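Trainee: Structure file final30.cif, mmCIF, C-alpha atoms and all ligand atoms, is pasted below:
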```cif
data_structure
#
loop_
_atom_site.label_atom_id
_atom_site.label_comp_id
_atom_site.auth_asym_id
_atom_site.auth_seq_id
_atom_site.Cartn_x
_atom_site.Cartn_y
_atom_site.Cartn_z
CA MET A 1 74.88 245.05 -24.07
CA ILE A 2 74.27 246.27 -20.51
CA GLU A 3 76.85 246.66 -17.79
CA THR A 4 76.08 248.36 -14.51
CA HIS A 5 78.27 248.95 -11.52
CA GLU A 6 76.70 249.67 -8.13
CA LEU A 7 73.80 251.44 -9.84
CA THR A 8 71.86 253.34 -7.18
CA ARG A 9 68.87 255.68 -7.11
CA HIS A 10 67.36 257.42 -4.13
CA PHE A 11 64.22 259.56 -4.09
CA LYS A 12 64.79 261.68 -0.98
CA ASP A 13 64.73 259.04 1.74
CA VAL A 14 63.40 256.23 -0.49
CA HIS A 15 66.26 253.93 -1.49
CA ALA A 16 64.58 252.65 -4.66
CA VAL A 17 67.65 250.96 -6.19
CA GLN A 18 70.60 250.05 -4.00
CA GLY A 19 73.81 249.14 -5.80
CA ILE A 20 72.80 246.92 -8.70
CA ASN A 21 75.54 245.10 -10.62
CA LEU A 22 74.09 243.73 -13.80
CA THR A 23 75.47 242.34 -17.05
CA VAL A 24 73.28 241.48 -20.01
CA ALA A 25 74.84 239.89 -23.10
CA PRO A 26 73.69 240.63 -26.67
CA GLY A 27 70.64 238.58 -27.65
CA GLU A 28 69.57 237.67 -24.13
CA LEU A 29 65.96 237.88 -22.96
CA VAL A 30 66.06 238.85 -19.31
CA ALA A 31 63.08 239.33 -16.99
CA LEU A 32 63.24 241.54 -13.91
CA LEU A 33 60.84 240.09 -11.39
CA GLY A 34 59.87 241.44 -8.00
CA PRO A 35 57.01 242.73 -5.87
CA ASN A 36 55.50 246.23 -6.15
CA GLY A 37 58.02 248.90 -5.29
CA ALA A 38 61.03 246.57 -5.59
CA GLY A 39 62.86 248.98 -7.91
CA LYS A 40 62.29 247.38 -11.32
CA SER A 41 60.90 250.43 -13.13
CA THR A 42 63.45 252.74 -11.53
CA THR A 43 66.23 250.46 -12.80
CA LEU A 44 64.73 250.50 -16.29
CA ARG A 45 64.29 254.26 -16.21
CA MET A 46 67.97 254.73 -15.37
CA LEU A 47 69.06 252.31 -18.10
CA THR A 48 66.93 254.16 -20.64
CA THR A 49 68.37 257.57 -19.58
CA LEU A 50 65.00 258.85 -18.33
CA ILE A 51 66.37 259.52 -14.85
CA PRO A 52 70.00 259.79 -13.72
CA PRO A 53 71.45 257.47 -11.09
CA THR A 54 72.21 258.90 -7.65
CA SER A 55 75.50 257.00 -7.83
CA GLY A 56 77.09 254.11 -9.69
CA THR A 57 77.43 253.70 -13.45
CA ALA A 58 75.64 252.02 -16.34
CA GLU A 59 76.71 251.38 -19.90
CA VAL A 60 74.00 250.49 -22.40
CA ALA A 61 74.90 249.37 -25.93
CA GLY A 62 78.45 250.53 -25.18
CA PHE A 63 77.55 254.08 -24.03
CA ASP A 64 77.30 255.73 -20.65
CA VAL A 65 73.69 256.50 -19.61
CA VAL A 66 74.64 259.88 -18.11
CA ARG A 67 77.36 261.23 -20.41
CA GLN A 68 76.15 259.70 -23.70
CA GLN A 69 72.38 259.82 -23.47
CA ARG A 70 71.82 260.51 -27.16
CA GLU A 71 73.92 257.53 -28.25
CA VAL A 72 72.08 255.27 -25.82
CA ARG A 73 68.65 256.50 -26.95
CA GLN A 74 69.43 255.89 -30.61
CA ARG A 75 70.16 252.25 -29.87
CA ILE A 76 67.33 251.33 -27.55
CA GLY A 77 63.56 251.05 -27.62
CA TYR A 78 61.59 251.69 -24.42
CA ILE A 79 57.98 250.80 -23.91
CA GLY A 80 56.82 252.16 -20.58
CA GLN A 81 53.74 251.25 -18.61
CA GLY A 82 51.44 253.81 -20.31
CA ASN A 83 50.30 253.88 -23.92
CA GLY A 84 52.54 255.88 -26.23
CA ALA A 85 50.44 256.32 -29.36
CA ALA A 86 48.20 259.38 -29.82
CA HIS A 87 44.60 258.24 -29.69
CA SER A 88 43.17 260.33 -32.50
CA GLN A 89 45.73 259.16 -35.09
CA ARG A 90 45.70 256.03 -37.20
CA GLY A 91 48.15 253.41 -35.91
CA ARG A 92 50.09 253.32 -39.15
CA ASP A 93 50.50 257.12 -39.23
CA GLU A 94 51.69 257.12 -35.64
CA LEU A 95 54.33 254.57 -36.54
CA ILE A 96 55.48 256.54 -39.56
CA SER A 97 55.68 259.78 -37.52
CA GLN A 98 57.69 257.97 -34.89
CA GLY A 99 60.07 256.68 -37.57
CA ARG A 100 60.44 260.23 -38.91
CA ALA A 101 61.19 261.47 -35.41
CA TYR A 102 64.06 258.99 -35.32
CA GLY A 103 65.41 260.42 -38.59
CA LEU A 104 64.11 257.85 -41.09
CA LYS A 105 63.17 259.12 -44.56
CA VAL A 106 59.42 258.92 -45.36
CA ALA A 107 59.78 255.86 -47.63
CA ALA A 108 61.96 254.03 -45.09
CA ALA A 109 59.59 254.88 -42.23
CA ARG A 110 56.64 253.64 -44.26
CA GLU A 111 58.41 250.41 -45.14
CA ARG A 112 59.51 249.76 -41.58
CA ALA A 113 56.00 250.53 -40.28
CA GLY A 114 54.58 248.02 -42.76
CA GLU A 115 57.03 245.33 -41.65
CA LEU A 116 56.22 245.84 -37.97
CA ILE A 117 52.47 245.92 -38.63
CA ASP A 118 52.84 242.52 -40.30
CA SER A 119 55.10 240.95 -37.73
CA LEU A 120 52.95 242.15 -34.82
CA GLY A 121 49.72 240.98 -36.45
CA LEU A 122 48.25 244.50 -36.72
CA GLY A 123 47.37 244.35 -40.44
CA GLU A 124 43.63 244.52 -39.93
CA VAL A 125 43.63 247.38 -37.44
CA ALA A 126 46.60 249.57 -38.44
CA ASP A 127 44.44 251.95 -40.47
CA ARG A 128 41.94 252.55 -37.68
CA THR A 129 42.33 255.34 -35.14
CA VAL A 130 44.26 254.23 -32.09
CA SER A 131 41.32 254.94 -29.74
CA THR A 132 39.32 252.12 -31.36
CA LEU A 133 41.96 249.43 -30.71
CA SER A 134 41.63 246.83 -27.95
CA GLY A 135 44.10 246.82 -25.05
CA GLY A 136 46.13 243.99 -26.58
CA GLN A 137 46.24 245.64 -30.01
CA ARG A 138 47.29 248.93 -28.49
CA ARG A 139 50.05 247.24 -26.54
CA ARG A 140 51.33 245.63 -29.74
CA LEU A 141 51.23 249.05 -31.42
CA ASP A 142 53.28 250.44 -28.52
CA ILE A 143 55.84 247.70 -29.10
CA ALA A 144 55.93 248.52 -32.83
CA MET A 145 56.54 252.19 -31.88
CA GLY A 146 59.47 251.14 -29.71
CA LEU A 147 60.94 249.08 -32.55
CA ILE A 148 60.54 251.54 -35.44
CA HIS A 149 64.23 252.52 -35.44
CA ALA A 150 65.39 248.87 -35.26
CA PRO A 151 66.98 249.16 -31.81
CA GLU A 152 69.54 246.61 -30.68
CA LEU A 153 67.97 246.52 -27.27
CA LEU A 154 64.32 246.69 -26.23
CA PHE A 155 63.09 247.55 -22.74
CA LEU A 156 59.53 246.53 -21.93
CA ASP A 157 58.06 247.71 -18.65
CA GLU A 158 55.22 245.33 -17.76
CA PRO A 159 54.20 244.70 -21.36
CA SER A 160 51.17 242.61 -20.58
CA THR A 161 49.77 244.16 -17.40
CA GLY A 162 46.03 244.72 -17.76
CA LEU A 163 45.59 242.27 -20.61
CA ASP A 164 43.38 239.21 -20.37
CA PRO A 165 45.11 235.80 -20.49
CA GLN A 166 44.41 235.28 -24.18
CA ASN A 167 45.77 238.67 -25.24
CA ARG A 168 48.70 238.17 -22.93
CA ALA A 169 49.60 234.84 -24.52
CA ASN A 170 49.24 236.42 -27.95
CA LEU A 171 51.53 239.33 -27.02
CA GLN A 172 54.12 236.95 -25.58
CA GLU A 173 54.11 234.98 -28.81
CA HIS A 174 54.68 238.15 -30.83
CA ILE A 175 57.54 239.24 -28.60
CA MET A 176 59.21 235.83 -28.93
CA GLN A 177 58.81 235.92 -32.68
CA LEU A 178 60.21 239.42 -33.00
CA ARG A 179 63.18 238.39 -31.02
CA LYS A 180 63.83 235.44 -33.30
CA GLN A 181 63.49 237.58 -36.41
CA HIS A 182 65.61 240.53 -35.31
CA GLU A 183 67.84 238.99 -32.61
CA THR A 184 66.91 241.92 -30.38
CA THR A 185 68.16 241.88 -26.80
CA ILE A 186 65.12 242.23 -24.53
CA VAL A 187 64.86 243.30 -20.91
CA LEU A 188 61.37 243.20 -19.48
CA THR A 189 59.80 243.72 -16.10
CA THR A 190 56.78 241.72 -15.08
CA HIS A 191 54.54 240.77 -12.20
CA TYR A 192 53.45 237.60 -13.97
CA LEU A 193 55.43 234.67 -12.68
CA ASP A 194 54.42 232.43 -15.56
CA GLU A 195 55.42 235.09 -18.06
CA ALA A 196 58.91 235.38 -16.59
CA ASP A 197 59.15 231.61 -16.41
CA SER A 198 58.11 230.84 -19.96
CA MET A 199 59.70 233.76 -21.83
CA ALA A 200 62.95 234.61 -20.12
CA GLU A 201 66.09 232.54 -20.30
CA ARG A 202 67.35 234.48 -17.35
CA ILE A 203 65.49 235.87 -14.37
CA ILE A 204 66.71 238.58 -12.08
CA VAL A 205 64.75 238.75 -8.86
CA ILE A 206 64.79 242.20 -7.28
CA ASP A 207 63.66 242.95 -3.76
CA HIS A 208 64.08 246.21 -1.81
CA GLY A 209 66.21 247.66 -4.62
CA ARG A 210 68.73 244.80 -4.66
CA ILE A 211 69.29 241.75 -6.86
CA ILE A 212 68.63 238.70 -4.72
CA ALA A 213 68.86 236.04 -7.45
CA ASP A 214 70.03 235.90 -11.05
CA ASP A 215 69.89 232.68 -13.04
CA THR A 216 67.86 230.58 -15.48
CA PRO A 217 64.36 229.74 -14.23
CA ALA A 218 65.24 226.04 -14.06
CA ARG A 219 68.42 226.56 -12.05
CA LEU A 220 66.76 229.00 -9.66
CA LYS A 221 64.14 226.37 -8.88
CA THR A 222 66.56 223.46 -8.60
CA GLU A 223 69.14 225.27 -6.50
CA HIS A 224 66.87 227.17 -4.17
CA VAL A 225 63.91 224.85 -3.76
CA GLY A 226 64.08 221.48 -5.53
CA ASP A 227 61.29 219.12 -6.53
CA ARG A 228 59.11 217.27 -4.10
CA ILE A 229 58.00 213.68 -4.50
CA ILE A 230 55.03 212.75 -2.34
CA LEU A 231 54.64 209.02 -1.76
CA GLY A 232 51.57 207.48 -0.18
CA PHE A 233 51.70 204.01 1.42
CA ASP A 234 48.87 201.77 2.62
CA HIS A 235 50.52 201.22 6.01
CA GLU A 236 52.42 203.51 8.34
CA THR A 237 55.00 200.80 8.98
CA ASP A 238 55.79 200.70 5.25
CA ALA A 239 56.16 204.49 5.17
CA ALA A 240 58.55 204.33 8.15
CA ALA A 241 60.59 201.52 6.57
CA ALA A 242 60.78 203.37 3.26
CA SER A 243 61.87 206.53 5.04
CA ALA A 244 64.70 204.65 6.76
CA ARG A 245 65.76 203.02 3.50
CA LEU A 246 65.95 206.12 1.27
CA PRO A 247 69.02 208.39 1.35
CA HIS A 248 67.15 211.61 0.54
CA GLN A 249 65.87 214.51 2.62
CA ILE A 250 62.52 213.16 3.82
CA HIS A 251 59.59 214.39 5.86
CA ARG A 252 57.15 211.69 7.08
CA SER A 253 53.58 212.30 8.13
CA GLY A 254 51.60 209.09 8.84
CA THR A 255 51.46 207.04 5.65
CA GLN A 256 52.91 209.88 3.55
CA LEU A 257 56.52 210.71 2.73
CA THR A 258 57.62 214.01 1.18
CA ILE A 259 61.03 213.74 -0.45
CA THR A 260 62.99 216.78 -1.68
CA VAL A 261 65.25 216.12 -4.66
CA PRO A 262 66.77 218.15 -7.51
CA ASP A 263 65.13 216.31 -10.44
CA ALA A 264 62.07 214.28 -9.45
CA PRO A 265 60.83 213.03 -12.85
CA ARG A 266 64.16 211.26 -13.48
CA LEU A 267 64.29 209.76 -10.02
CA VAL A 268 60.73 208.50 -9.63
CA PRO A 269 60.90 205.33 -11.80
CA ASP A 270 64.00 203.97 -10.00
CA LEU A 271 62.65 204.99 -6.62
CA LEU A 272 59.37 203.14 -7.13
CA GLU A 273 61.15 200.07 -8.48
CA ASP A 274 63.54 200.02 -5.53
CA LEU A 275 60.71 200.27 -2.99
CA ARG A 276 58.62 197.62 -4.74
CA SER A 277 61.51 195.15 -4.80
CA ALA A 278 62.07 195.84 -1.08
CA GLY A 279 58.46 194.81 -0.41
CA LEU A 280 57.31 198.39 0.23
CA PRO A 281 54.84 199.09 -2.59
CA VAL A 282 53.83 202.71 -3.13
CA ALA A 283 50.05 203.25 -3.34
CA GLU A 284 50.12 206.84 -4.62
CA VAL A 285 52.74 209.15 -6.08
CA GLU A 286 52.71 212.86 -6.86
CA VAL A 287 55.51 215.09 -8.15
CA ARG A 288 55.45 218.79 -7.28
CA ARG A 289 57.78 221.07 -9.17
CA PRO A 290 58.60 224.48 -7.65
CA THR A 291 57.38 227.80 -8.99
CA LEU A 292 59.31 231.05 -9.06
CA ASP A 293 57.19 232.14 -6.13
CA ASP A 294 58.58 229.19 -4.14
CA VAL A 295 62.06 230.48 -5.02
CA PHE A 296 61.19 233.97 -3.79
CA LEU A 297 59.63 232.57 -0.64
CA LYS A 298 62.76 230.52 0.04
CA LEU A 299 65.07 233.49 -0.55
CA THR A 300 63.14 236.10 1.43
CA GLY A 301 60.75 234.23 3.69
CA ARG A 302 57.90 236.11 1.96
CA SER A 303 55.70 235.26 -0.98
CA LEU A 304 55.85 237.49 -4.03
CA ARG A 305 52.12 237.79 -3.53
CA GLU A 306 52.47 239.59 -0.20
CA GLY A 307 53.30 243.18 0.67
CA GLY A 308 51.75 245.61 -1.77
CA ALA A 309 50.63 242.97 -4.22
CA THR A 310 47.73 240.60 -4.18
CA ALA A 311 47.43 237.33 -5.99
CA GLU A 312 44.98 236.88 -8.78
CA THR A 313 44.84 233.34 -10.00
CA THR A 314 43.46 232.64 -13.43
CA ASP A 315 42.89 229.30 -15.12
CA ARG A 316 46.27 229.21 -16.71
CA ASP A 317 48.64 231.03 -14.46
CA THR A 318 49.46 232.96 -11.36
CA THR A 319 49.53 236.72 -11.63
CA LEU A 320 50.38 239.62 -9.41
CA VAL A 321 48.33 242.76 -9.52
CA GLU A 322 48.50 245.87 -7.47
CA ALA A 323 46.15 245.92 -4.49
N1 LIG B 1 59.55 259.69 -8.71
C1 LIG B 1 59.55 259.09 -7.54
N2 LIG B 1 59.53 259.79 -6.37
C2 LIG B 1 59.55 259.19 -5.18
N3 LIG B 1 59.60 257.85 -5.00
C3 LIG B 1 59.62 257.10 -6.11
C4 LIG B 1 59.60 257.66 -7.43
N4 LIG B 1 59.64 256.64 -8.33
C5 LIG B 1 59.67 255.50 -7.60
N5 LIG B 1 59.66 255.76 -6.29
C6 LIG B 1 59.71 254.78 -5.19
O1 LIG B 1 60.82 253.93 -5.42
C7 LIG B 1 60.52 252.59 -5.06
C8 LIG B 1 60.72 251.68 -6.27
O2 LIG B 1 59.72 251.98 -7.24
P1 LIG B 1 59.67 251.26 -8.67
O3 LIG B 1 58.59 251.93 -9.45
O4 LIG B 1 61.03 251.23 -9.25
O5 LIG B 1 59.26 249.78 -8.26
P2 LIG B 1 58.76 248.61 -9.18
O6 LIG B 1 59.52 247.40 -8.77
O7 LIG B 1 58.84 248.99 -10.62
O8 LIG B 1 57.26 248.51 -8.71
P3 LIG B 1 55.93 248.16 -9.54
O9 LIG B 1 56.02 246.69 -9.74
O10 LIG B 1 54.86 248.55 -8.59
O11 LIG B 1 55.93 248.96 -10.81
C9 LIG B 1 59.08 252.62 -4.55
O12 LIG B 1 59.12 252.73 -3.16
C10 LIG B 1 58.51 253.87 -5.19
O13 LIG B 1 57.46 254.40 -4.41
#
```
How would this structure read if it were set down as structure tokens?
Ligand SMILES: Nc1ncnc2c1ncn2[C@@H]1O[C@H](COP(=O)(O)OP(=O)(O)OP(=O)(O)O)[C@@H](O)[C@H]1O
Mentor:
Amino acid sequence: MIETHELTRHFKDVHAVQGINLTVAPGELVALLGPNGAGKSTTLRMLTTLIPPTSGTAEVAGFDVVRQQREVRQRIGYIGQGNGAAHSQRGRDELISQGRAYGLKVAAARERAGELIDSLGLGEVADRTVSTLSGGQRRRLDIAMGLIHAPELLFLDEPSTGLDPQNRANLQEHIMQLRKQHETTIVLTTHYLDEADSMAERIIVIDHGRIIADDTPARLKTEHVGDRIILGFDHETDAAAASARLPHQIHRSGTQLTITVPDAPRLVPDLLEDLRSAGLPVAEVEVRRPTLDDVFLKLTGRSLREGGATAETTDRDTTLVEA
């Protein structure tokens, strides 16, 4: 569905995207993750034909983004960071006009608008003017606008930025449902680590205009960081004996051992049993699983929360917002 070769974009002396090689298969949901200014939006804007690459090539839905812009545009939906719908119009009318702009007949545009209003949960608000909708509702309307012509591929640039956690969860659910219904390929950019983690089956981490990791969230965490098991003992001598006995990578601090392993939950029962039968009973145990931020930290030596972004922690997740 997407194939790029050394895709590059410079803005004068800013090397925004530096030779990206990317393949996305039909039906995949891929998240581009990275700090502010990493090159995510620029990549999306090239793939959606909004700006040409400085060098390199990209094929989207089988067509070249420079030579076959029209063909690409007919097959994709793009929801940028701003709101697309005109504020003084009713949501439903905006959708129908958008459908007409894509060449649908009035009846077909109306029918498609109705379907999208239903599947995005906009039934109660679709006949109000856009300016009266909440941020979350407006974002869902934007997504409906991007889907009116039934694209094979949907690009979402930070779909949930600015929404509160509840609206964000609601939007994520709608996106997942749409995908199931229409088997749409989705490429989204996000600052929300939890969003990338829970929605995407594949995560592409971009830093300084380059891809620095590309894998499933689980594999990224296992391969780059691993789980940590923290064992607490009553006596330092027991901790030292346990450390000598275990074959894993271990850090000991007083009565506490920190063990790094690929899959802690599977290992813990046997580990505890082994230590107990060796006369080294564990007093406390804690398993820490890595986050995508740990992966980024491991790969770059920096946290995703540094350098142009600040962390904003809510009850349910970790988010990144512009400083
Ligand atoms: N039109 C432009 N003119 C000059 N520089 C630009 C332009 N668009 C983007 N840039 C620069 O290119 C780099 C990459 O920007 P881009 O918007 O792609 O990053 P991003 O990863 O999407 O960031 P964010 O998460 O903040 O949206 C940044 O240094 C940005 O300032």
Trainee: Nearest to ligand LIG 1 (chain B) among A:Thr255, A:Thr222, A:Gln18, A:Ser55, with distances taken over all atoms listed in the file: which residue is it?
Mentor: A:Gln18
Trainee: For CA of Asn167 (chain A) and CA of Asp194 (chain A), quote the distance in Å rounded to one decimal.
Mentor: 14.4 Å
Trainee: Rounded to one decimal, what separation in Å do you get between CA of Met1 (chain A) and atom O5 of ligand LIG 1 (chain B)?
Mentor: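 One can read the CA of Met1 (chain A) to atom O5 of ligand LIG 1 (chain B) distance as 22.7 Å.
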Trainee: Can you write out as a tab-separated table which residues of chain A fall within 9 Å of ligand LIG 1 (chain B), alongside each residue's closest atom pair and its distance in Å to one decimal, counting all atoms listed in the file and ordering rows by chain and ascending residue number?
Mentor:
```
residue	atom	partner	partner_atom	distance
A:Arg9	CA	B:LIG1	O1	8.4
A:His10	CA	B:LIG1	O1	7.5
A:Phe11	CA	B:LIG1	C2	4.8
A:Lys12	CA	B:LIG1	C2	7.2
A:Asp13	CA	B:LIG1	N3	8.6
A:Val14	CA	B:LIG1	O1	6.0
A:His15	CA	B:LIG1	O1	6.7
A:Ala16	CA	B:LIG1	O1	4.0
A:Val17	CA	B:LIG1	C8	7.0
A:Leu32	CA	B:LIG1	O6	8.6
A:Leu33	CA	B:LIG1	O6	7.9
A:Gly34	CA	B:LIG1	O6	6.0
A:Pro35	CA	B:LIG1	O9	5.6
A:Asn36	CA	B:LIG1	O10	3.4
A:Gly37	CA	B:LIG1	O5	3.3
A:Ala38	CA	B:LIG1	O6	3.6
A:Gly39	CA	B:LIG1	O4	3.2
A:Lys40	CA	B:LIG1	O6	3.8
A:Ser41	CA	B:LIG1	O7	3.6
A:Thr42	CA	B:LIG1	O4	3.7
A:Thr43	CA	B:LIG1	O4	6.3
A:Leu44	CA	B:LIG1	O4	8.0
A:Arg45	CA	B:LIG1	O4	8.3
A:Gln81	CA	B:LIG1	O11	8.4
A:Asp157	CA	B:LIG1	O7	8.2
A:Glu158	CA	B:LIG1	O11	7.9
A:Thr189	CA	B:LIG1	O7	7.7
A:Thr190	CA	B:LIG1	O9	7.3
A:His191	CA	B:LIG1	O9	6.6
A:Ile206	CA	B:LIG1	O6	7.6
A:Asp207	CA	B:LIG1	O6	7.9
A:His208	CA	B:LIG1	C8	7.8
A:Gly209	CA	B:LIG1	C8	7.0
A:Gly308	CA	B:LIG1	O10	8.1
A:Ala309	CA	B:LIG1	O10	8.3
A:Val321	CA	B:LIG1	O9	8.6
A:Glu322	CA	B:LIG1	O10	7.0
```
Trainee: What residues have an atom no more than 10 Å from (53.5, 198.3, 5.3) in the file's own frame, counting all atoms listed in the file, and can you write them as a ChimeraX atom specification?
Mentor: /A:233-242,255,279-282
Trainee: Please complete region 172-184 of chain A with N, CA and C atoms and give it back as a short mmCIF file (atom, residue, chain, number, x, y, z; two decimals), in the frame of the given file.
Mentor:
```cif
data_model
loop_
_atom_site.label_atom_id
_atom_site.label_comp_id
_atom_site.auth_asym_id
_atom_site.auth_seq_id
_atom_site.Cartn_x
_atom_site.Cartn_y
_atom_site.Cartn_z
N GLN A 172 52.87 237.67 -25.88
CA GLN A 172 54.12 236.95 -25.58
C GLN A 172 54.64 236.25 -26.84
N GLU A 173 53.71 235.68 -27.60
CA GLU A 173 54.11 234.98 -28.81
C GLU A 173 54.75 235.96 -29.80
N HIS A 174 54.13 237.14 -29.92
CA HIS A 174 54.68 238.15 -30.83
C HIS A 174 56.06 238.61 -30.39
N ILE A 175 56.23 238.79 -29.10
CA ILE A 175 57.54 239.24 -28.60
C ILE A 175 58.60 238.18 -28.91
N MET A 176 58.26 236.91 -28.68
CA MET A 176 59.21 235.83 -28.93
C MET A 176 59.58 235.75 -30.41
N GLN A 177 58.57 235.99 -31.25
CA GLN A 177 58.81 235.92 -32.68
C GLN A 177 59.70 237.07 -33.17
N LEU A 178 59.40 238.25 -32.64
CA LEU A 178 60.21 239.42 -33.00
C LEU A 178 61.67 239.20 -32.66
N ARG A 179 61.84 238.61 -31.52
CA ARG A 179 63.18 238.39 -31.02
C ARG A 179 63.92 237.43 -31.94
N LYS A 180 63.21 236.41 -32.39
CA LYS A 180 63.83 235.44 -33.30
C LYS A 180 64.19 236.11 -34.62
N GLN A 181 63.27 236.92 -35.11
CA GLN A 181 63.49 237.58 -36.41
C GLN A 181 64.65 238.57 -36.36
N HIS A 182 64.68 239.40 -35.31
CA HIS A 182 65.61 240.53 -35.31
C HIS A 182 66.78 240.35 -34.34
N GLU A 183 66.80 239.25 -33.61
CA GLU A 183 67.84 238.99 -32.61
C GLU A 183 68.01 240.17 -31.64
N THR A 184 66.88 240.79 -31.30
CA THR A 184 66.91 241.92 -30.38
C THR A 184 67.16 241.43 -28.95
#
```
